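Colleague: mmCIF, C-alpha atoms, file run-v4.cif:
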```
data_target
#
loop_
_atom_site.group_PDB
_atom_site.id
_atom_site.type_symbol
_atom_site.label_atom_id
_atom_site.label_comp_id
_atom_site.auth_asym_id
_atom_site.auth_seq_id
_atom_site.Cartn_x
_atom_site.Cartn_y
_atom_site.Cartn_z
ATOM 1 C CA MET O 7 -0.479 -89.259 40.942
ATOM 2 C CA THR O 8 -4.146 -88.727 41.211
ATOM 3 C CA GLU O 9 -6.310 -87.613 38.370
ATOM 4 C CA ASN O 10 -6.876 -84.230 39.996
ATOM 5 C CA THR O 11 -3.132 -83.561 40.181
ATOM 6 C CA GLN O 12 -2.626 -84.422 36.525
ATOM 7 C CA GLU O 13 -5.391 -82.017 35.513
ATOM 8 C CA SER O 14 -3.725 -79.161 37.360
ATOM 9 C CA GLN O 15 -0.509 -79.768 35.424
ATOM 10 C CA TYR O 16 -2.333 -78.922 32.206
ATOM 11 C CA ASN O 17 -4.547 -76.112 33.479
ATOM 12 C CA THR O 18 -3.881 -72.451 32.842
ATOM 13 C CA PRO O 19 -2.969 -70.235 35.814
ATOM 14 C CA ILE O 20 -6.471 -68.728 35.678
ATOM 15 C CA GLU O 21 -8.087 -72.170 35.824
ATOM 16 C CA ASP O 22 -5.798 -73.169 38.703
ATOM 17 C CA ASP O 23 -6.799 -69.991 40.552
ATOM 18 C CA LEU O 24 -10.473 -70.641 39.951
ATOM 19 C CA GLN O 25 -10.218 -74.297 41.050
ATOM 20 C CA GLN O 26 -8.365 -73.332 44.215
ATOM 21 C CA ASN O 27 -11.075 -70.825 45.070
ATOM 22 C CA GLY O 28 -13.760 -73.373 44.320
ATOM 23 C CA ALA O 29 -15.409 -71.153 41.749
ATOM 24 C CA ALA O 30 -16.165 -73.351 38.760
ATOM 25 C CA GLY O 31 -18.802 -70.979 37.411
ATOM 26 C CA SER O 32 -16.659 -67.914 37.833
ATOM 27 C CA LEU O 33 -14.577 -68.812 34.758
ATOM 28 C CA ASP O 34 -17.391 -67.342 32.669
ATOM 29 C CA ASP O 35 -17.405 -64.300 34.951
ATOM 30 C CA ARG O 36 -13.657 -63.885 34.474
ATOM 31 C CA ILE O 37 -14.020 -64.161 30.679
ATOM 32 C CA SER O 38 -16.774 -61.535 30.730
ATOM 33 C CA GLU O 39 -14.601 -59.248 32.848
ATOM 34 C CA LEU O 40 -11.631 -59.641 30.498
ATOM 35 C CA GLU O 41 -13.844 -59.035 27.468
ATOM 36 C CA SER O 42 -15.143 -55.794 28.992
ATOM 37 C CA GLN O 43 -11.562 -54.712 29.793
ATOM 38 C CA LEU O 44 -10.588 -55.495 26.184
ATOM 39 C CA ALA O 45 -13.527 -53.446 24.895
ATOM 40 C CA GLU O 46 -12.504 -50.534 27.143
ATOM 41 C CA ALA O 47 -8.909 -50.776 25.932
ATOM 42 C CA GLN O 48 -10.046 -50.828 22.300
ATOM 43 C CA ALA O 49 -12.238 -47.780 22.899
ATOM 44 C CA ALA O 50 -9.318 -45.976 24.552
ATOM 45 C CA VAL O 51 -7.063 -46.781 21.572
ATOM 46 C CA LEU O 52 -9.684 -45.452 19.147
ATOM 47 C CA TYR O 53 -10.053 -42.299 21.242
ATOM 48 C CA VAL O 54 -6.292 -41.685 21.276
ATOM 49 C CA LYS O 55 -6.074 -42.358 17.540
ATOM 50 C CA ALA O 56 -8.929 -39.929 16.795
ATOM 51 C CA ASP O 57 -7.398 -37.322 19.106
ATOM 52 C CA GLY O 58 -4.042 -37.647 17.322
ATOM 53 C CA GLU O 59 -5.749 -37.263 13.962
ATOM 54 C CA ASN O 60 -7.550 -34.123 15.172
ATOM 55 C CA ILE O 61 -4.267 -32.628 16.415
ATOM 56 C CA ARG O 62 -2.589 -33.403 13.075
ATOM 57 C CA ARG O 63 -5.494 -31.836 11.137
ATOM 58 C CA ARG O 64 -5.483 -28.695 13.333
ATOM 59 C CA ALA O 65 -1.720 -28.350 12.880
ATOM 60 C CA MET O 66 -2.086 -28.623 9.101
ATOM 61 C CA ASP O 67 -4.824 -25.949 9.176
ATOM 62 C CA ASP O 68 -2.591 -23.676 11.267
ATOM 63 C CA ILE O 69 0.299 -24.149 8.829
ATOM 64 C CA GLU O 70 -1.954 -23.351 5.884
ATOM 65 C CA LYS O 71 -3.242 -20.190 7.584
ATOM 66 C CA ALA O 72 0.315 -19.133 8.430
ATOM 67 C CA ARG O 73 1.304 -19.503 4.776
ATOM 68 C CA LYS O 74 -1.761 -17.603 3.577
ATOM 69 C CA PHE O 75 -1.465 -14.693 5.970
ATOM 70 C CA ALA O 76 2.301 -14.494 6.554
ATOM 71 C CA LEU O 77 2.511 -11.164 4.749
ATOM 72 C CA GLU O 78 -0.531 -9.595 6.409
ATOM 73 C CA LYS O 79 1.405 -7.312 8.797
ATOM 74 C CA PHE O 80 3.851 -6.296 6.089
ATOM 75 C CA SER O 81 1.005 -5.614 3.667
ATOM 76 C CA ASN O 82 -0.829 -3.448 6.207
ATOM 77 C CA GLU O 83 2.309 -1.359 6.717
ATOM 78 C CA LEU O 84 2.695 -0.862 2.964
ATOM 79 C CA LEU O 85 -0.858 0.432 2.681
ATOM 80 C CA ALA O 86 0.196 3.708 4.352
ATOM 81 C CA VAL O 87 2.921 4.136 1.718
ATOM 82 C CA LYS O 88 0.403 3.456 -1.057
ATOM 83 C CA ASP O 89 -2.013 5.996 0.454
ATOM 84 C CA SER O 90 0.754 8.618 0.453
ATOM 85 C CA LEU O 91 1.577 7.932 -3.181
ATOM 86 C CA ASP O 92 -2.100 8.165 -4.134
ATOM 87 C CA ALA O 93 -2.427 11.471 -2.259
ATOM 88 C CA ALA O 94 0.626 12.829 -4.097
ATOM 89 C CA LEU O 95 -0.961 11.991 -7.434
ATOM 90 C CA LEU O 96 -4.105 13.936 -6.511
ATOM 91 C CA ILE O 97 -2.226 17.171 -5.772
ATOM 92 C CA GLU O 98 -2.601 19.694 -8.569
ATOM 93 C CA ALA O 99 -0.089 22.241 -7.346
ATOM 94 C CA THR O 100 2.568 23.281 -9.794
ATOM 95 C CA ASP O 101 5.174 23.650 -7.074
ATOM 96 C CA VAL O 102 7.906 21.044 -7.613
ATOM 97 C CA GLN O 103 9.127 21.443 -4.043
ATOM 98 C CA SER O 104 5.775 20.249 -2.635
ATOM 99 C CA TYR O 105 6.048 17.109 -4.776
ATOM 100 C CA LYS O 106 9.603 16.581 -3.628
ATOM 101 C CA ASP O 107 8.565 16.990 0.020
ATOM 102 C CA GLY O 108 5.699 14.520 -0.459
ATOM 103 C CA VAL O 109 7.975 11.986 -2.122
ATOM 104 C CA GLN O 110 10.484 12.412 0.727
ATOM 105 C CA ILE O 111 7.764 11.735 3.322
ATOM 106 C CA THR O 112 6.668 8.649 1.373
ATOM 107 C CA ALA O 113 10.273 7.423 1.106
ATOM 108 C CA ASN O 114 10.645 7.881 4.879
ATOM 109 C CA GLN O 115 7.472 5.840 5.450
ATOM 110 C CA LEU O 116 8.832 3.077 3.225
ATOM 111 C CA THR O 117 12.181 3.133 5.029
ATOM 112 C CA SER O 118 10.312 2.827 8.324
ATOM 113 C CA VAL O 119 8.455 -0.243 7.030
ATOM 114 C CA PHE O 120 11.739 -1.761 5.842
ATOM 115 C CA ASP O 121 13.325 -1.164 9.260
ATOM 116 C CA LYS O 122 10.344 -2.708 11.039
ATOM 117 C CA PHE O 123 10.611 -5.884 8.936
ATOM 118 C CA ASN O 124 14.434 -6.116 8.865
ATOM 119 C CA ILE O 125 14.807 -5.261 5.184
ATOM 120 C CA ALA O 126 18.220 -3.682 4.726
ATOM 121 C CA GLU O 127 19.653 -1.852 1.749
ATOM 122 C CA ILE O 128 22.825 -3.056 0.027
ATOM 123 C CA ASN O 129 24.721 -0.037 -1.339
ATOM 124 C CA PRO O 130 28.281 -1.337 -1.839
ATOM 125 C CA LEU O 131 29.915 1.703 -3.463
ATOM 126 C CA GLY O 132 33.679 1.556 -2.794
ATOM 127 C CA GLU O 133 33.499 -1.914 -1.177
ATOM 128 C CA LYS O 134 35.169 -5.101 -2.385
ATOM 129 C CA PHE O 135 33.016 -7.075 -4.831
ATOM 130 C CA ASP O 136 31.100 -9.873 -3.068
ATOM 131 C CA PRO O 137 29.363 -12.301 -5.465
ATOM 132 C CA ASN O 138 26.986 -13.317 -2.662
ATOM 133 C CA LYS O 139 25.589 -9.761 -2.381
ATOM 134 C CA HIS O 140 26.475 -8.137 -5.699
ATOM 135 C CA GLN O 141 25.869 -8.860 -9.358
ATOM 136 C CA ALA O 142 28.509 -7.408 -11.636
ATOM 137 C CA ILE O 143 27.159 -5.931 -14.863
ATOM 138 C CA SER O 144 30.538 -4.923 -16.279
ATOM 139 C CA MET O 145 34.153 -4.272 -15.401
ATOM 140 C CA LEU O 146 35.819 -0.908 -15.894
ATOM 141 C CA GLU O 147 39.480 -0.383 -16.792
ATOM 142 C CA ASN O 148 41.696 1.740 -14.529
ATOM 143 C CA SER O 149 38.890 3.120 -12.431
ATOM 144 C CA GLY O 150 40.234 2.327 -8.991
ATOM 145 C CA GLU O 151 41.492 -0.527 -6.874
ATOM 146 C CA PRO O 152 40.938 -3.889 -8.641
ATOM 147 C CA ASN O 153 37.829 -5.889 -7.698
ATOM 148 C CA THR O 154 36.181 -2.862 -6.057
ATOM 149 C CA VAL O 155 32.654 -1.648 -6.753
ATOM 150 C CA THR O 156 32.956 1.611 -8.660
ATOM 151 C CA SER O 157 29.294 2.281 -9.376
ATOM 152 C CA VAL O 158 25.925 0.983 -8.195
ATOM 153 C CA LEU O 159 23.281 0.769 -10.891
ATOM 154 C CA GLN O 160 20.598 -0.702 -8.649
ATOM 155 C CA LYS O 161 20.709 -1.127 -4.878
ATOM 156 C CA GLY O 162 20.259 -4.586 -3.440
ATOM 157 C CA TYR O 163 18.242 -5.625 -0.393
ATOM 158 C CA THR O 164 18.451 -8.241 2.340
ATOM 159 C CA LEU O 165 15.737 -9.669 4.548
ATOM 160 C CA ASN O 166 17.112 -10.734 7.952
ATOM 161 C CA ASP O 167 20.608 -10.900 6.420
ATOM 162 C CA ARG O 168 19.428 -13.057 3.510
ATOM 163 C CA VAL O 169 19.787 -11.507 0.058
ATOM 164 C CA LEU O 170 16.434 -10.650 -1.515
ATOM 165 C CA ARG O 171 17.989 -8.946 -4.503
ATOM 166 C CA PRO O 172 21.703 -8.496 -5.211
ATOM 167 C CA ALA O 173 23.005 -5.021 -5.982
ATOM 168 C CA LEU O 174 23.733 -4.453 -9.688
ATOM 169 C CA VAL O 175 27.230 -3.009 -9.817
ATOM 170 C CA MET O 176 30.177 -2.098 -12.007
ATOM 171 C CA VAL O 177 33.554 -3.357 -10.811
ATOM 172 C CA ALA O 178 37.089 -2.104 -11.382
ATOM 173 C CA LYS O 179 39.456 -4.438 -13.274
#
```
So that I can check it, write out the structure of this file as structure tokens.
Modeller:
Amino acid sequence: MTENTQESQYNTPIEDDLQQNGAAGSLDDRISELESQLAEAQAAVLYVKADGENIRRRAMDDIEKARKFALEKFSNELLAVKDSLDAALLIEATDVQSYKDGVQITANQLTSVFDKFNIAEINPLGEKFDPNKHQAISMLENSGEPNTVTSVLQKGYTLNDRVLRPALVMVAK
């Protein structure tokens, strides 16, 4: 074997390519080209990393704002009910019926808000006792079918079928 053949056995594929093309000085050119490609790749990685960090930060800000202002629509709807109650307190008429009418209008407004936000009333009078929706305060002897709600002391409420507050009830023994 000649000396030239032995050298090619130990050369890298890039060196073999350069020797075959007769470009001895272009090895430095190739290194410079690869270094610039590496720099571009590193810059691209940094850009993607920074972009990902910005997306994560924006998402965290959005989550924080959602937590802060989740009740904004509900609160705005309740303001009308509060205004009605305040107006009722300013009335100086001695007519009880006008107060009753005003309270009825306010109760209707509140019911409308509850309907809009899927808040439902639990009024289990005469139903079977359900510990998931009712809280028994006491049990009454001989007051009806056993394990049935005989009286509701305080209505319960659900939000989208999830219990907000259980109904306080008395149950037959």
Colleague: My list of candidates is O:Asp89, O:Glu147, O:Asp167, O:Glu98. Which is closest to O:Ala126 when distances are computed with all atoms listed in the file?
Modeller: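 So, comparing all the options, the nearest one is O:Asp167.
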Colleague: So that I can see what lies close to O:Lys122, please list as a VMD selection string the residues with an atom at most 12 Å from it, counting all atoms listed in the file and leaving out residues fewer than 2 positions away in the same chain.
Modeller: chain O and resid 79 to 80 83 to 84 115 to 120 124 to 126 165 to 166
Colleague: Can you measure atom CA of O:Lys161 to atom CA of O:Phe123 for me? One decimal in Å is fine.
Modeller: 17.8 Å
Colleague: Of the candidates O:Leu91, O:Ile128, O:Val175, O:Met145, which shows the shortest atom-to-atom distance to O:Val158, using all atoms listed in the file?
Modeller: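 Closest candidate: O:Val175.
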Colleague: With distances taken over only C-alpha atoms, which residue among O:Val177, O:Ala76, O:Ala50, O:Leu40 lies nearest O:Gln141?
Modeller: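 The answer is O:Val177, which sits nearest to O:Gln141.
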Colleague: Pull out every residue that the PyMOL selection byres ((chain O and resi 151) around 10) matches in the shown coordinates and put them as a PyMOL selection string.
Modeller: chain O and resi 132-134+148-150+152-156+177-179
Colleague: Which value, in Å to one decimal, gives the distance between atom CA of O:Arg63 and atom CA of O:Ala45?
Modeller: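 Atom CA of O:Ala45 lies 26.8 Å from atom CA of O:Arg63.
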Colleague: For this file, the PyMOL selection byres ((chain O and resi 111) around 12) selects which residues, as a PyMOL selection string?
Modeller: chain O and resi 86-91+93-94+104-110+112-118
Colleague: For atom CA of O:Glu70 and atom CA of O:Val51, determine how far apart the two atoms are, in Å to one decimal place.
Modeller: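 Separation of atom CA of O:Glu70 and atom CA of O:Val51: 28.7 Å.
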Colleague: Ranking O:Gln103, O:Gly162, O:Pro172, O:Glu46 by minimum distance to O:Pro137 and counting only C-alpha atoms, which one comes first?
Modeller: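 For O:Pro137, the nearest of the given residues is O:Pro172.
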Colleague: Which is closer to O:Ala173 than all the others in O:Leu95, O:Ala49, O:Leu44, O:Ala142, using all atoms listed in the file?
Modeller: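 The closest residue to O:Ala173 is O:Ala142.
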